[in-house]
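File shown: run32.cif. Contents: mmCIF, N, CA and C atoms.
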data_protein
#
loop_
_atom_site.group_PDB
_atom_site.id
_atom_site.type_symbol
_atom_site.label_atom_id
_atom_site.label_comp_id
_atom_site.auth_asym_id
_atom_site.auth_seq_id
_atom_site.Cartn_x
_atom_site.Cartn_y
_atom_site.Cartn_z
ATOM 1 N N MET A 1 50.583 72.165 111.092
ATOM 2 C CA MET A 1 50.430 73.577 110.815
ATOM 3 C C MET A 1 51.806 74.182 110.584
ATOM 4 N N SER A 2 51.936 74.924 109.545
ATOM 5 C CA SER A 2 53.186 75.565 109.183
ATOM 6 C C SER A 2 53.317 76.897 109.896
ATOM 7 N N VAL A 3 54.480 77.141 110.475
ATOM 8 C CA VAL A 3 54.761 78.396 111.158
ATOM 9 C C VAL A 3 55.496 79.307 110.197
ATOM 10 N N PRO A 4 55.049 80.570 110.059
ATOM 11 C CA PRO A 4 55.750 81.502 109.174
ATOM 12 C C PRO A 4 57.207 81.664 109.577
ATOM 13 N N SER A 5 58.035 81.932 108.624
ATOM 14 C CA SER A 5 59.452 82.135 108.871
ATOM 15 C C SER A 5 59.672 83.303 109.815
ATOM 16 N N MET A 6 60.644 83.150 110.693
ATOM 17 C CA MET A 6 60.950 84.191 111.665
ATOM 18 C C MET A 6 62.096 85.071 111.173
ATOM 19 N N GLU A 7 62.483 84.928 109.900
ATOM 20 C CA GLU A 7 63.551 85.756 109.359
ATOM 21 C C GLU A 7 63.155 87.223 109.479
ATOM 22 N N THR A 8 64.126 88.041 109.811
ATOM 23 C CA THR A 8 63.825 89.459 109.954
ATOM 24 C C THR A 8 63.927 90.157 108.610
ATOM 25 N N THR A 9 62.991 91.021 108.369
ATOM 26 C CA THR A 9 63.020 91.874 107.192
ATOM 27 C C THR A 9 62.985 93.307 107.689
ATOM 28 N N PRO A 10 63.604 94.213 106.968
ATOM 29 C CA PRO A 10 63.611 95.606 107.424
ATOM 30 C C PRO A 10 62.184 96.137 107.584
ATOM 31 N N VAL A 11 61.961 96.831 108.681
ATOM 32 C CA VAL A 11 60.654 97.415 108.970
ATOM 33 C C VAL A 11 60.822 98.925 109.025
ATOM 34 N N ALA A 12 60.027 99.605 108.213
ATOM 35 C CA ALA A 12 60.085 101.069 108.201
ATOM 36 C C ALA A 12 59.407 101.611 109.458
ATOM 37 N N PRO A 13 59.933 102.693 110.020
ATOM 38 C CA PRO A 13 59.246 103.304 111.163
ATOM 39 C C PRO A 13 57.877 103.824 110.744
ATOM 40 N N LEU A 14 56.992 103.937 111.710
ATOM 41 C CA LEU A 14 55.648 104.449 111.428
ATOM 42 C C LEU A 14 55.731 105.893 110.945
ATOM 43 N N THR A 15 54.927 106.208 109.945
ATOM 44 C CA THR A 15 54.837 107.593 109.489
ATOM 45 C C THR A 15 53.918 108.362 110.440
ATOM 46 N N ARG A 16 53.949 109.669 110.364
ATOM 47 C CA ARG A 16 53.041 110.488 111.178
ATOM 48 C C ARG A 16 51.585 110.151 110.875
ATOM 49 N N GLU A 17 51.310 109.930 109.587
ATOM 50 C CA GLU A 17 49.935 109.616 109.179
ATOM 51 C C GLU A 17 49.484 108.279 109.758
ATOM 52 N N GLN A 18 50.362 107.278 109.716
ATOM 53 C CA GLN A 18 50.029 105.971 110.278
ATOM 54 C C GLN A 18 49.817 106.072 111.786
ATOM 55 N N LEU A 19 50.685 106.803 112.446
ATOM 56 C CA LEU A 19 50.571 106.977 113.890
ATOM 57 C C LEU A 19 49.269 107.685 114.256
ATOM 58 N N ALA A 20 48.913 108.719 113.499
ATOM 59 C CA ALA A 20 47.662 109.442 113.755
ATOM 60 C C ALA A 20 46.463 108.531 113.519
ATOM 61 N N GLU A 21 46.502 107.746 112.451
ATOM 62 C CA GLU A 21 45.418 106.816 112.142
ATOM 63 C C GLU A 21 45.234 105.787 113.267
ATOM 64 N N LEU A 22 46.337 105.216 113.726
ATOM 65 C CA LEU A 22 46.264 104.209 114.784
ATOM 66 C C LEU A 22 45.814 104.830 116.104
ATOM 67 N N SER A 23 46.269 106.032 116.398
ATOM 68 C CA SER A 23 45.843 106.733 117.608
ATOM 69 C C SER A 23 44.344 106.994 117.578
ATOM 70 N N ASP A 24 43.849 107.477 116.440
ATOM 71 C CA ASP A 24 42.409 107.725 116.298
ATOM 72 C C ASP A 24 41.615 106.430 116.480
ATOM 73 N N GLU A 25 42.106 105.357 115.878
ATOM 74 C CA GLU A 25 41.414 104.069 115.997
ATOM 75 C C GLU A 25 41.364 103.598 117.452
ATOM 76 N N LEU A 26 42.480 103.737 118.159
ATOM 77 C CA LEU A 26 42.517 103.346 119.571
ATOM 78 C C LEU A 26 41.543 104.177 120.398
ATOM 79 N N GLN A 27 41.516 105.484 120.159
ATOM 80 C CA GLN A 27 40.613 106.358 120.908
ATOM 81 C C GLN A 27 39.149 106.034 120.620
ATOM 82 N N MET A 28 38.826 105.749 119.351
ATOM 83 C CA MET A 28 37.445 105.405 119.006
ATOM 84 C C MET A 28 37.029 104.082 119.653
ATOM 85 N N GLU A 29 37.942 103.111 119.657
ATOM 86 C CA GLU A 29 37.624 101.818 120.266
ATOM 87 C C GLU A 29 37.440 101.964 121.775
ATOM 88 N N LEU A 30 38.253 102.794 122.419
ATOM 89 C CA LEU A 30 38.099 103.024 123.850
ATOM 90 C C LEU A 30 36.751 103.669 124.142
ATOM 91 N N LYS A 31 36.357 104.645 123.340
ATOM 92 C CA LYS A 31 35.040 105.282 123.511
ATOM 93 C C LYS A 31 33.917 104.272 123.324
ATOM 94 N N ARG A 32 34.056 103.409 122.315
ATOM 95 C CA ARG A 32 33.033 102.392 122.063
ATOM 96 C C ARG A 32 32.908 101.442 123.255
ATOM 97 N N LEU A 33 34.035 101.004 123.778
ATOM 98 C CA LEU A 33 34.006 100.093 124.929
ATOM 99 C C LEU A 33 33.456 100.783 126.170
ATOM 100 N N THR A 34 33.769 102.059 126.328
ATOM 101 C CA THR A 34 33.276 102.823 127.474
ATOM 102 C C THR A 34 31.766 102.993 127.383
ATOM 103 N N ARG A 35 31.267 103.323 126.193
ATOM 104 C CA ARG A 35 29.817 103.455 126.008
ATOM 105 C C ARG A 35 29.109 102.139 126.265
ATOM 106 N N ARG A 36 29.730 101.058 125.828
ATOM 107 C CA ARG A 36 29.143 99.727 126.030
ATOM 108 C C ARG A 36 29.041 99.381 127.510
ATOM 109 N N SER A 37 29.866 100.026 128.323
ATOM 110 C CA SER A 37 29.872 99.765 129.754
ATOM 111 C C SER A 37 28.820 100.585 130.493
ATOM 112 N N SER A 38 27.970 101.296 129.761
ATOM 113 C CA SER A 38 26.886 102.074 130.363
ATOM 114 C C SER A 38 25.559 101.417 130.001
ATOM 115 N N ALA A 39 24.680 101.302 130.978
ATOM 116 C CA ALA A 39 23.357 100.721 130.735
ATOM 117 C C ALA A 39 22.494 101.726 129.979
ATOM 118 N N ALA A 40 21.399 101.247 129.427
ATOM 119 C CA ALA A 40 20.483 102.111 128.687
ATOM 120 C C ALA A 40 19.976 103.255 129.555
ATOM 121 N N GLY A 41 19.812 103.015 130.851
ATOM 122 C CA GLY A 41 19.329 104.038 131.764
ATOM 123 C C GLY A 41 20.405 104.998 132.222
ATOM 124 N N GLY A 42 21.618 104.847 131.725
ATOM 125 C CA GLY A 42 22.696 105.745 132.095
ATOM 126 C C GLY A 42 23.495 105.279 133.305
ATOM 127 N N GLU A 43 23.068 104.205 133.938
ATOM 128 C CA GLU A 43 23.799 103.667 135.093
ATOM 129 C C GLU A 43 25.023 102.892 134.601
ATOM 130 N N PRO A 44 26.167 103.112 135.224
ATOM 131 C CA PRO A 44 27.361 102.377 134.806
ATOM 132 C C PRO A 44 27.199 100.875 135.067
ATOM 133 N N VAL A 45 27.739 100.091 134.163
ATOM 134 C CA VAL A 45 27.742 98.644 134.285
ATOM 135 C C VAL A 45 29.196 98.202 134.336
ATOM 136 N N GLN A 46 29.514 97.316 135.259
ATOM 137 C CA GLN A 46 30.885 96.807 135.364
ATOM 138 C C GLN A 46 31.209 96.007 134.104
ATOM 139 N N PRO A 47 32.218 96.428 133.328
ATOM 140 C CA PRO A 47 32.566 95.672 132.122
ATOM 141 C C PRO A 47 33.100 94.287 132.503
ATOM 142 N N ASP A 48 32.906 93.329 131.599
ATOM 143 C CA ASP A 48 33.425 91.991 131.867
ATOM 144 C C ASP A 48 34.953 92.020 131.825
ATOM 145 N N GLU A 49 35.563 90.934 132.247
ATOM 146 C CA GLU A 49 37.022 90.878 132.363
ATOM 147 C C GLU A 49 37.722 91.096 131.023
ATOM 148 N N ARG A 50 37.168 90.525 129.969
ATOM 149 C CA ARG A 50 37.768 90.687 128.636
ATOM 150 C C ARG A 50 37.753 92.158 128.213
ATOM 151 N N THR A 51 36.625 92.837 128.441
ATOM 152 C CA THR A 51 36.506 94.254 128.081
ATOM 153 C C THR A 51 37.450 95.097 128.925
ATOM 154 N N GLN A 52 37.541 94.810 130.215
ATOM 155 C CA GLN A 52 38.463 95.546 131.091
ATOM 156 C C GLN A 52 39.901 95.396 130.603
ATOM 157 N N THR A 53 40.277 94.162 130.261
ATOM 158 C CA THR A 53 41.638 93.909 129.782
ATOM 159 C C THR A 53 41.904 94.680 128.502
ATOM 160 N N ARG A 54 40.954 94.648 127.570
ATOM 161 C CA ARG A 54 41.122 95.368 126.299
ATOM 162 C C ARG A 54 41.255 96.873 126.542
ATOM 163 N N MET A 55 40.430 97.404 127.449
ATOM 164 C CA MET A 55 40.501 98.837 127.761
ATOM 165 C C MET A 55 41.876 99.199 128.337
ATOM 166 N N LEU A 56 42.400 98.354 129.202
ATOM 167 C CA LEU A 56 43.719 98.613 129.782
ATOM 168 C C LEU A 56 44.816 98.560 128.716
ATOM 169 N N LEU A 57 44.704 97.605 127.794
ATOM 170 C CA LEU A 57 45.684 97.516 126.710
ATOM 171 C C LEU A 57 45.630 98.746 125.810
ATOM 172 N N ILE A 58 44.436 99.240 125.545
ATOM 173 C CA ILE A 58 44.276 100.443 124.715
ATOM 174 C C ILE A 58 44.844 101.661 125.437
ATOM 175 N N LEU A 59 44.535 101.792 126.725
ATOM 176 C CA LEU A 59 45.097 102.909 127.504
ATOM 177 C C LEU A 59 46.620 102.846 127.518
ATOM 178 N N ASP A 60 47.171 101.638 127.628
ATOM 179 C CA ASP A 60 48.625 101.471 127.598
ATOM 180 C C ASP A 60 49.186 101.886 126.240
ATOM 181 N N ALA A 61 48.509 101.492 125.160
ATOM 182 C CA ALA A 61 48.969 101.877 123.820
ATOM 183 C C ALA A 61 48.940 103.388 123.646
ATOM 184 N N LEU A 62 47.877 104.036 124.107
ATOM 185 C CA LEU A 62 47.788 105.498 124.018
ATOM 186 C C LEU A 62 48.891 106.155 124.844
ATOM 187 N N SER A 63 49.214 105.571 125.979
ATOM 188 C CA SER A 63 50.316 106.075 126.803
ATOM 189 C C SER A 63 51.650 105.934 126.066
ATOM 190 N N ARG A 64 51.848 104.800 125.377
ATOM 191 C CA ARG A 64 53.078 104.597 124.607
ATOM 192 C C ARG A 64 53.163 105.566 123.439
ATOM 193 N N ILE A 65 52.016 105.930 122.858
ATOM 194 C CA ILE A 65 52.026 106.941 121.796
ATOM 195 C C ILE A 65 52.526 108.265 122.356
ATOM 196 N N ARG A 66 51.997 108.659 123.516
ATOM 197 C CA ARG A 66 52.431 109.922 124.148
ATOM 198 C C ARG A 66 53.910 109.879 124.518
ATOM 199 N N ALA A 67 54.387 108.696 124.938
ATOM 200 C CA ALA A 67 55.792 108.550 125.335
ATOM 201 C C ALA A 67 56.723 108.335 124.138
ATOM 202 N N ARG A 68 56.121 108.249 122.939
ATOM 203 C CA ARG A 68 56.868 108.039 121.697
ATOM 204 C C ARG A 68 57.591 106.692 121.661
ATOM 205 N N THR A 69 57.008 105.701 122.328
ATOM 206 C CA THR A 69 57.562 104.346 122.285
ATOM 207 C C THR A 69 56.616 103.386 121.568
ATOM 208 N N TYR A 70 55.476 103.898 121.102
ATOM 209 C CA TYR A 70 54.500 103.072 120.391
ATOM 210 C C TYR A 70 55.113 102.576 119.098
ATOM 211 N N GLY A 71 54.879 101.300 118.780
ATOM 212 C CA GLY A 71 55.433 100.722 117.559
ATOM 213 C C GLY A 71 56.782 100.080 117.787
ATOM 214 N N THR A 72 57.254 100.103 119.034
ATOM 215 C CA THR A 72 58.507 99.450 119.401
ATOM 216 C C THR A 72 58.162 98.247 120.274
ATOM 217 N N CYS A 73 58.680 97.080 119.914
ATOM 218 C CA CYS A 73 58.413 95.853 120.660
ATOM 219 C C CYS A 73 58.935 95.994 122.083
ATOM 220 N N THR A 74 58.107 95.655 123.059
ATOM 221 C CA THR A 74 58.522 95.774 124.457
ATOM 222 C C THR A 74 59.488 94.664 124.863
ATOM 223 N N ASP A 75 59.622 93.621 124.042
ATOM 224 C CA ASP A 75 60.551 92.536 124.364
ATOM 225 C C ASP A 75 61.920 92.738 123.721
ATOM 226 N N CYS A 76 61.956 92.877 122.386
ATOM 227 C CA CYS A 76 63.247 92.960 121.680
ATOM 228 C C CYS A 76 63.651 94.390 121.320
ATOM 229 N N ARG A 77 62.748 95.349 121.519
ATOM 230 C CA ARG A 77 62.966 96.767 121.198
ATOM 231 C C ARG A 77 63.060 97.044 119.701
ATOM 232 N N GLY A 78 62.713 96.054 118.888
ATOM 233 C CA GLY A 78 62.672 96.254 117.439
ATOM 234 C C GLY A 78 61.347 96.890 117.041
ATOM 235 N N PRO A 79 61.244 97.336 115.799
ATOM 236 C CA PRO A 79 60.000 97.954 115.341
ATOM 237 C C PRO A 79 58.897 96.910 115.128
ATOM 238 N N ILE A 80 57.669 97.312 115.410
ATOM 239 C CA ILE A 80 56.503 96.483 115.125
ATOM 240 C C ILE A 80 55.958 96.963 113.782
ATOM 241 N N PRO A 81 55.811 96.069 112.804
ATOM 242 C CA PRO A 81 55.327 96.502 111.484
ATOM 243 C C PRO A 81 53.941 97.137 111.554
ATOM 244 N N TYR A 82 53.726 98.124 110.688
ATOM 245 C CA TYR A 82 52.435 98.802 110.608
ATOM 246 C C TYR A 82 51.304 97.807 110.394
ATOM 247 N N GLU A 83 51.532 96.805 109.558
ATOM 248 C CA GLU A 83 50.486 95.823 109.261
ATOM 249 C C GLU A 83 50.005 95.115 110.534
ATOM 250 N N ARG A 84 50.913 94.807 111.435
ATOM 251 C CA ARG A 84 50.520 94.174 112.706
ATOM 252 C C ARG A 84 49.724 95.155 113.555
ATOM 253 N N LEU A 85 50.183 96.393 113.627
ATOM 254 C CA LEU A 85 49.484 97.398 114.431
ATOM 255 C C LEU A 85 48.135 97.752 113.828
ATOM 256 N N ALA A 86 48.017 97.706 112.511
ATOM 257 C CA ALA A 86 46.723 97.967 111.879
ATOM 258 C C ALA A 86 45.723 96.875 112.253
ATOM 259 N N ALA A 87 46.205 95.648 112.395
ATOM 260 C CA ALA A 87 45.336 94.532 112.772
ATOM 261 C C ALA A 87 45.053 94.517 114.270
ATOM 262 N N ILE A 88 46.082 94.820 115.064
ATOM 263 C CA ILE A 88 45.969 94.800 116.529
ATOM 264 C C ILE A 88 46.665 96.064 117.056
ATOM 265 N N PRO A 89 45.961 97.208 117.065
ATOM 266 C CA PRO A 89 46.616 98.470 117.415
ATOM 267 C C PRO A 89 47.215 98.513 118.822
ATOM 268 N N GLU A 90 46.724 97.670 119.714
ATOM 269 C CA GLU A 90 47.261 97.675 121.076
ATOM 270 C C GLU A 90 48.426 96.707 121.258
ATOM 271 N N ALA A 91 48.904 96.094 120.164
ATOM 272 C CA ALA A 91 50.010 95.126 120.240
ATOM 273 C C ALA A 91 51.234 95.759 120.885
ATOM 274 N N ARG A 92 51.854 95.001 121.782
ATOM 275 C CA ARG A 92 53.059 95.457 122.481
ATOM 276 C C ARG A 92 54.319 94.814 121.922
ATOM 277 N N THR A 93 54.133 93.704 121.181
ATOM 278 C CA THR A 93 55.290 92.952 120.700
ATOM 279 C C THR A 93 55.199 92.706 119.197
ATOM 280 N N CYS A 94 56.367 92.489 118.588
ATOM 281 C CA CYS A 94 56.422 92.085 117.188
ATOM 282 C C CYS A 94 55.972 90.626 117.098
ATOM 283 N N MET A 95 55.763 90.139 115.898
ATOM 284 C CA MET A 95 55.287 88.764 115.732
ATOM 285 C C MET A 95 56.294 87.749 116.259
ATOM 286 N N ALA A 96 57.578 87.953 116.004
ATOM 287 C CA ALA A 96 58.584 86.998 116.465
ATOM 288 C C ALA A 96 58.540 86.858 117.985
ATOM 289 N N CYS A 97 58.446 87.962 118.697
ATOM 290 C CA CYS A 97 58.393 87.911 120.161
ATOM 291 C C CYS A 97 57.061 87.351 120.645
ATOM 292 N N SER A 98 55.990 87.648 119.926
ATOM 293 C CA SER A 98 54.688 87.093 120.274
ATOM 294 C C SER A 98 54.721 85.572 120.156
ATOM 295 N N TRP A 99 55.288 85.070 119.046
ATOM 296 C CA TRP A 99 55.406 83.624 118.870
ATOM 297 C C TRP A 99 56.302 83.026 119.944
ATOM 298 N N ASN A 100 57.397 83.721 120.256
ATOM 299 C CA ASN A 100 58.314 83.246 121.283
ATOM 300 C C ASN A 100 57.603 83.111 122.629
ATOM 301 N N ARG A 101 56.773 84.091 122.974
ATOM 302 C CA ARG A 101 56.020 84.038 124.227
ATOM 303 C C ARG A 101 55.067 82.851 124.260
ATOM 304 N N GLN A 102 54.569 82.471 123.069
ATOM 305 C CA GLN A 102 53.620 81.357 122.975
ATOM 306 C C GLN A 102 54.330 80.011 122.812
ATOM 307 N N GLY A 103 55.641 80.039 122.784
ATOM 308 C CA GLY A 103 56.403 78.796 122.673
ATOM 309 C C GLY A 103 56.517 78.246 121.267
ATOM 310 N N VAL A 104 56.255 79.078 120.258
ATOM 311 C CA VAL A 104 56.399 78.641 118.865
ATOM 312 C C VAL A 104 57.883 78.692 118.529
ATOM 313 N N PRO A 105 58.442 77.585 118.019
ATOM 314 C CA PRO A 105 59.879 77.568 117.725
ATOM 315 C C PRO A 105 60.257 78.513 116.588
ATOM 316 N N ASN A 106 61.453 79.054 116.658
ATOM 317 C CA ASN A 106 61.977 79.933 115.603
ATOM 318 C C ASN A 106 62.278 79.118 114.364
ATOM 319 N N GLY A 107 62.136 79.803 113.210
ATOM 320 C CA GLY A 107 62.546 79.189 111.961
ATOM 321 C C GLY A 107 61.442 78.492 111.307
#

As structure tokens - that is how I would like this structure written.
Amino acid sequence: MSVPSMETTPVAPLTREQLAELSDELQMELKRLTRRSSAAGGEPVQPDERTQTRMLLILDALSRIRARTYGTCTDCRGPIPYERLAAIPEARTCMACSWNRQGVPNG
């Protein structure tokens, strides 16, 4: 399997429109997961571990938006490309740092 090049390319900061779009998407996904955690009869149901983890990641992303640190990699402090955030809005790291965490060699 070929690993994409880890060469850095300039990444533009998120625009206001992109940030608003990603924030809306995160909020809608959190609402969807919250609704899914309610039974048909209105009784709360304990979400499974995967859903709980996703909800926590979304809440963390929304917190980073409020703190104006959203879109900044928590490992290298570099920008996270919009394309990555559009695919995984709760992402905390850029692809290079994500690969590094998984032990994928650079280059």

Run through the PyMOL selection byres ((chain A and resi 67-84) around 7) on the given coordinates and return the selected residues as a VMD selection string. chain A and resid 11 to 14 61 to 66 85 to 89 91 to 95 97

One decimal, in Å: what's the spacing between atom C of Gln27 (chain A) and atom C of Glu90 (chain A)? 13.2 Å

If you run DSSP on the backbone here, which positions in chain A get strand (DSSP E or B)? Please write them as a list of chain:residue names. A:Ser38, A:Pro44, A:Thr72, A:Pro79

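Between atom C of Thr34 (chain A) and CA of Glu49 (chain A) the separation is 14.1 Å.
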
Atom N of Ile58 (chain A) sits from atom N of Asp24 (chain A) at a separation of 12.3 Å

Per residue of region 46-99 of chain A within 9 Å of region 29-32 of chain A, note the shortest atom pair and the distance in Å to one decimal, counting only C-alpha atoms, and order the rows by chain and increasing residue number, as JSON lines.
{"residue": "A:Arg54", "atom": "CA", "partner": "A:Leu30", "partner_atom": "CA", "distance": 8.6}
{"residue": "A:Met55", "atom": "CA", "partner": "A:Leu30", "partner_atom": "CA", "distance": 6.2}
{"residue": "A:Ile58", "atom": "CA", "partner": "A:Leu30", "partner_atom": "CA", "distance": 6.8}
{"residue": "A:Leu59", "atom": "CA", "partner": "A:Leu30", "partner_atom": "CA", "distance": 7.9}
